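Participant: Next up, upload02.txt (compact mmCIF, C-alpha atoms).
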```
# COMPACT_ATOMS: atom_id res chain seq x y z
CA MET A 1 -33.84 -29.42 16.76
CA ALA A 2 -34.43 -25.84 15.69
CA GLU A 3 -31.73 -24.25 13.56
CA GLU A 4 -29.98 -21.16 14.76
CA PRO A 5 -30.86 -18.01 12.82
CA VAL A 6 -28.09 -16.90 10.48
CA ASN A 7 -26.81 -13.41 11.08
CA GLU A 8 -25.72 -12.19 7.65
CA THR A 9 -24.15 -9.04 9.02
CA ALA A 10 -21.91 -10.96 11.41
CA PRO A 11 -18.18 -10.62 10.87
CA VAL A 12 -16.48 -13.04 8.53
CA ALA A 13 -15.27 -16.27 10.13
CA ALA A 14 -12.05 -14.98 11.56
CA GLY A 15 -11.71 -16.82 14.77
CA GLY A 16 -14.81 -18.87 15.26
CA ARG A 17 -17.15 -19.29 18.22
CA GLY A 18 -16.33 -18.26 21.73
CA LYS A 19 -14.20 -15.28 20.77
CA SER A 20 -15.19 -11.69 21.15
CA LEU A 21 -16.54 -10.74 17.73
CA SER A 22 -16.01 -7.04 18.35
CA ALA A 23 -12.31 -7.54 19.00
CA ILE A 24 -11.62 -9.56 15.85
CA PRO A 25 -11.94 -6.69 13.31
CA PHE A 26 -9.47 -4.63 15.35
CA LEU A 27 -7.05 -7.55 15.50
CA VAL A 28 -7.44 -8.06 11.75
CA ALA A 29 -6.76 -4.35 11.17
CA LEU A 30 -3.71 -4.51 13.45
CA ALA A 31 -2.38 -7.57 11.63
CA SER A 32 -2.90 -5.78 8.31
CA LEU A 33 -1.05 -2.73 9.56
CA ALA A 34 1.86 -4.80 10.86
CA VAL A 35 2.27 -7.02 7.80
CA PRO A 36 0.58 -5.91 4.56
CA GLY A 37 -1.99 -8.49 3.48
CA LEU A 38 -1.92 -10.47 6.72
CA GLY A 39 -5.39 -9.28 7.75
CA HIS A 40 -6.83 -10.45 4.44
CA ALA A 41 -4.98 -13.76 4.77
CA TRP A 42 -6.52 -14.19 8.25
CA LEU A 43 -9.96 -13.77 6.65
CA HIS A 44 -8.98 -16.32 3.96
CA ARG A 45 -8.93 -13.59 1.28
CA TRP A 46 -5.68 -14.98 -0.06
CA GLY A 47 -5.76 -13.13 -3.39
CA ARG A 48 -6.22 -9.70 -1.83
CA GLY A 49 -3.61 -10.49 0.80
CA ILE A 50 -1.01 -11.39 -1.82
CA VAL A 51 -1.93 -8.35 -3.93
CA PHE A 52 -1.49 -5.97 -0.99
CA PHE A 53 1.75 -7.60 0.11
CA ILE A 54 3.21 -7.33 -3.40
CA ALA A 55 1.95 -3.77 -3.96
CA VAL A 56 3.10 -2.37 -0.60
CA GLY A 57 6.34 -4.36 -0.67
CA GLY A 58 7.03 -3.33 -4.26
CA LEU A 59 6.46 0.36 -3.52
CA ALA A 60 8.54 0.27 -0.34
CA CYS A 61 11.44 -1.71 -1.84
CA THR A 62 11.52 0.50 -4.94
CA GLY A 63 11.55 3.56 -2.65
CA TYR A 64 14.47 2.13 -0.69
CA LEU A 65 16.33 1.20 -3.88
CA MET A 66 15.87 4.77 -5.10
CA ARG A 67 17.23 5.94 -1.74
CA GLY A 68 14.22 7.94 -0.66
CA GLN A 69 13.94 9.77 2.65
CA VAL A 70 12.74 7.63 5.58
CA PHE A 71 11.16 9.88 8.20
CA THR A 72 11.66 9.15 11.88
CA ALA A 73 9.29 9.79 14.78
CA VAL A 74 11.55 12.58 16.05
CA SER A 75 10.82 15.58 13.85
CA VAL A 76 10.15 19.23 14.62
CA ASP A 77 8.73 19.77 11.16
CA PRO A 78 4.97 18.98 10.79
CA PHE A 79 5.62 17.64 7.29
CA GLY A 80 8.25 15.37 8.75
CA ARG A 81 5.72 14.06 11.25
CA LEU A 82 3.19 13.48 8.49
CA GLY A 83 5.90 11.75 6.48
CA PHE A 84 6.65 9.52 9.46
CA LEU A 85 2.97 8.60 9.79
CA ALA A 86 2.79 7.72 6.09
CA ASP A 87 6.04 5.75 6.17
CA ALA A 88 5.22 3.91 9.41
CA CYS A 89 1.93 2.65 7.94
CA SER A 90 3.90 0.29 5.71
CA GLY A 91 4.40 -1.83 8.83
CA VAL A 92 7.17 -4.38 8.67
CA PHE A 93 8.67 -2.69 5.62
CA TYR A 94 9.25 0.46 7.68
CA LEU A 95 10.99 -1.59 10.35
CA LEU A 96 13.21 -3.13 7.68
CA SER A 97 14.24 0.28 6.32
CA ARG A 98 17.49 0.21 8.29
CA PHE A 99 18.54 -2.91 6.39
CA LEU A 100 16.95 -2.16 3.03
CA GLU A 101 18.40 1.35 2.84
CA ALA A 102 21.65 0.96 4.70
CA ALA A 103 23.34 3.68 2.62
CA GLY A 104 20.83 6.33 3.71
CA PRO A 105 18.80 8.72 1.57
CA ASN A 106 20.17 10.55 -1.45
CA LEU A 107 17.94 13.50 -2.23
CA ALA A 108 20.52 15.18 -4.47
CA ARG A 109 19.04 13.20 -7.37
CA ALA A 110 15.46 13.19 -8.61
CA ALA A 111 15.32 9.42 -8.00
CA GLY A 112 15.80 9.98 -4.27
CA ASP A 113 12.94 12.45 -4.20
CA TYR A 114 10.71 10.00 -6.09
CA GLY A 115 11.80 7.29 -3.66
CA THR A 116 10.43 9.39 -0.80
CA ARG A 117 7.02 9.48 -2.55
CA PHE A 118 7.15 5.74 -3.18
CA LEU A 119 7.72 5.12 0.54
CA ALA A 120 4.82 7.38 1.53
CA ALA A 121 2.58 5.74 -1.09
CA ALA A 122 3.45 2.29 0.31
CA GLY A 123 2.14 3.38 3.71
CA ILE A 124 -1.03 4.92 2.29
CA VAL A 125 -1.78 1.82 0.18
CA ASN A 126 -1.31 -0.34 3.27
CA LEU A 127 -3.66 1.96 5.19
CA ILE A 128 -6.30 1.45 2.51
CA GLY A 129 -5.70 -2.30 2.72
CA MET A 130 -6.08 -2.17 6.48
CA LEU A 131 -9.43 -0.37 6.20
CA ASP A 132 -10.58 -2.92 3.61
CA ALA A 133 -9.60 -5.81 5.89
CA TYR A 134 -11.41 -4.14 8.80
CA SER A 135 -14.57 -3.65 6.72
CA THR A 136 -14.41 -7.26 5.53
CA ALA A 137 -14.02 -8.50 9.10
CA CYS A 138 -17.03 -6.39 10.13
CA GLY A 139 -19.07 -8.04 7.36
CA ARG A 140 -19.51 -4.84 5.35
CA ARG A 141 -17.61 -6.14 2.34
CA GLY A 142 -17.62 -9.42 0.50
CA MET B 1 22.52 -3.33 -2.40
CA HIS B 2 24.63 -0.87 -4.36
CA ALA B 3 25.31 2.29 -2.42
CA SER B 4 24.49 4.59 -5.33
CA GLY B 5 20.95 3.23 -5.49
CA LEU B 6 18.53 2.78 -8.35
CA HIS B 7 18.51 5.73 -10.75
CA LEU B 8 15.20 5.69 -12.55
CA SER B 9 14.25 8.58 -14.76
CA HIS B 10 10.83 10.21 -14.52
CA PHE B 11 8.93 7.96 -16.92
CA PRO B 12 10.05 4.52 -15.64
CA ALA B 13 9.42 5.72 -12.07
CA MET B 14 5.89 6.77 -13.06
CA VAL B 15 5.26 3.46 -14.84
CA ILE B 16 6.35 1.40 -11.81
CA PHE B 17 4.32 3.60 -9.45
CA ALA B 18 1.23 3.38 -11.68
CA LEU B 19 1.56 -0.39 -12.01
CA LEU B 20 1.86 -1.09 -8.28
CA VAL B 21 -0.88 1.33 -7.20
CA SER B 22 -3.22 0.08 -9.95
CA VAL B 23 -2.73 -3.51 -8.79
CA ALA B 24 -3.52 -2.49 -5.20
CA LEU B 25 -6.63 -0.52 -6.21
CA ALA B 26 -7.84 -3.39 -8.38
CA GLY B 27 -7.60 -5.64 -5.34
CA LEU B 28 -10.31 -3.52 -3.73
CA GLY B 29 -12.65 -3.13 -6.68
CA GLY B 30 -14.64 -5.63 -8.69
CA HIS B 31 -16.19 -8.96 -7.76
CA THR B 32 -14.52 -11.31 -10.22
CA THR B 33 -10.92 -11.76 -11.33
CA GLY B 34 -11.83 -10.55 -14.81
CA GLN B 35 -13.34 -7.34 -13.43
CA ARG B 36 -10.26 -6.75 -11.29
CA ILE B 37 -7.89 -7.21 -14.23
CA LYS B 38 -9.98 -4.81 -16.29
CA TYR B 39 -9.99 -2.30 -13.43
CA ALA B 40 -6.21 -2.59 -13.04
CA LEU B 41 -5.62 -2.06 -16.76
CA TRP B 42 -7.92 0.95 -16.88
CA SER B 43 -6.39 2.46 -13.78
CA PHE B 44 -2.86 1.90 -15.11
CA LEU B 45 -3.74 3.42 -18.45
CA LEU B 46 -5.37 6.47 -16.84
CA PHE B 47 -2.36 7.00 -14.57
CA LEU B 48 -0.11 7.08 -17.63
CA VAL B 49 -2.38 9.21 -19.84
CA ILE B 50 -3.10 11.78 -17.10
CA GLY B 51 0.56 11.82 -15.99
CA VAL B 52 1.89 12.39 -19.50
CA GLY B 53 -0.94 14.88 -20.19
CA LEU B 54 -0.11 16.95 -17.11
CA ALA B 55 3.60 16.82 -17.94
CA TRP B 56 2.83 18.03 -21.48
CA LEU B 57 0.70 20.89 -20.09
CA MET B 58 3.47 21.95 -17.69
CA TYR B 59 6.23 21.73 -20.29
CA PRO B 60 5.95 25.41 -21.46
CA PHE B 61 6.50 26.58 -17.86
CA SER B 62 9.52 24.39 -17.23
CA ARG B 63 12.08 26.78 -18.66
```
Show the structure stored in the file as structure tokens.

Facilitator:
Amino acid sequence: MAEEPVNETAPVAAGGRGKSLSAIPFLVALASLAVPGLGHAWLHRWGRGIVFFIAVGGLACTGYLMRGQVFTAVSVDPFGRLGFLADACSGVFYLLSRFLEAAGPNLARAAGDYGTRFLAAAGIVNLIGMLDAYSTACGRRG
Amino acid sequence: MHASGLHLSHFPAMVIFALLVSVALAGLGGHTTGQRIKYALWSFLLFLVIGVGLAWLMYPFSR
């Protein structure tokens, strides 16, 4: 029996045979966006998954503890919309903001202003993680 | 959670930020665990040195 040729550029085993290979990287990216590190965990990159979960979760939780501003989708200000995009990229941590920052923002203190930056950074770091998971699923990264 | 929140001053806030972002960046770079730890340490150190350096440069204009 002749062996099948190995395609080294094929996406990492994230689903197995019979599934649409082109859809898997998008699903991995979506999983990563929803829960930081989940896309890497799906690809069995446990270390990176844990690192991204801790980093994004740490930044988001510190931002909430410092009572930073959480931007909502409804904003007339373009910076507010950009802030929403950055915040929303932290996935599940953005959805938990109502519980994690029940007291609301406090921008009267410098800590609150720093908290706003922490929250935005959490989203950006998760976005980078999502792109990394997507590239790994496409077979572009080891 | 306490309603008044966490009141970190500038330096501890920068240290926590640098630590978490360095860990995340190290997760992307390097091939071995040793390389990643080295990357994280370098990144953390550079965050602190550049942050303190910029603060020192801006100090004369702060008042």

Participant: Might you pull out every residue within 8 Å of region 26-42 of chain B, with all atoms listed in the file counted and same-chain residues fewer than 5 positions away left off, and present them as a list in words?

Facilitator: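 Within the cut-off, the hits are Gly47, Arg48, Val51, Phe52 and Asp132 of chain A.
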
Participant: Pull C-alpha atoms from the residues just selected and write them as a PDB file, in the coordinates of the input.

Facilitator:
```pdb
ATOM      1  CA  GLY A  47      -5.760 -13.130  -3.390  1.00  0.00           C
ATOM      2  CA  ARG A  48      -6.220  -9.700  -1.830  1.00  0.00           C
ATOM      3  CA  VAL A  51      -1.930  -8.350  -3.930  1.00  0.00           C
ATOM      4  CA  PHE A  52      -1.490  -5.970  -0.990  1.00  0.00           C
ATOM      5  CA  ASP A 132     -10.580  -2.920   3.610  1.00  0.00           C
TER       6      ASP A 132
END
```

Participant: Check every residue of chain A for an atom within 8 Å of chain B, counting all atoms listed in the file, and provide those that qualify as a list in words.

Facilitator: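 In the required form, that comes to Gly47, Arg48, Val51, Phe52, Ala55, Val56, Gly58, Leu59, Leu65, Met66, Arg67, Leu100, Ala103, Ala110, Ala111, Tyr114, Phe118, Val125 and Asp132 of chain A.
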
Participant: Enter the distance from CA of Tyr64 (chain A) to CA of Val28 (chain A), in Å, rounded to one decimal.

Facilitator: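 Answer for the CA of Tyr64 (chain A) to CA of Val28 (chain A) separation: 27.2 Å.
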
Participant: Quick one, how far is CA of Val70 (chain A) from CA of Ser90 (chain A)?

Facilitator: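 Computing the Euclidean distance for CA of Val70 (chain A) and CA of Ser90 (chain A) yields 11.5 Å.
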
Participant: Would you compute the distance between CA of Phe44 (chain B) and CA of Phe71 (chain A)? Give it in Å to one decimal.

Facilitator: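 We find that CA of Phe44 (chain B) and CA of Phe71 (chain A) lie 28.3 Å from each other.
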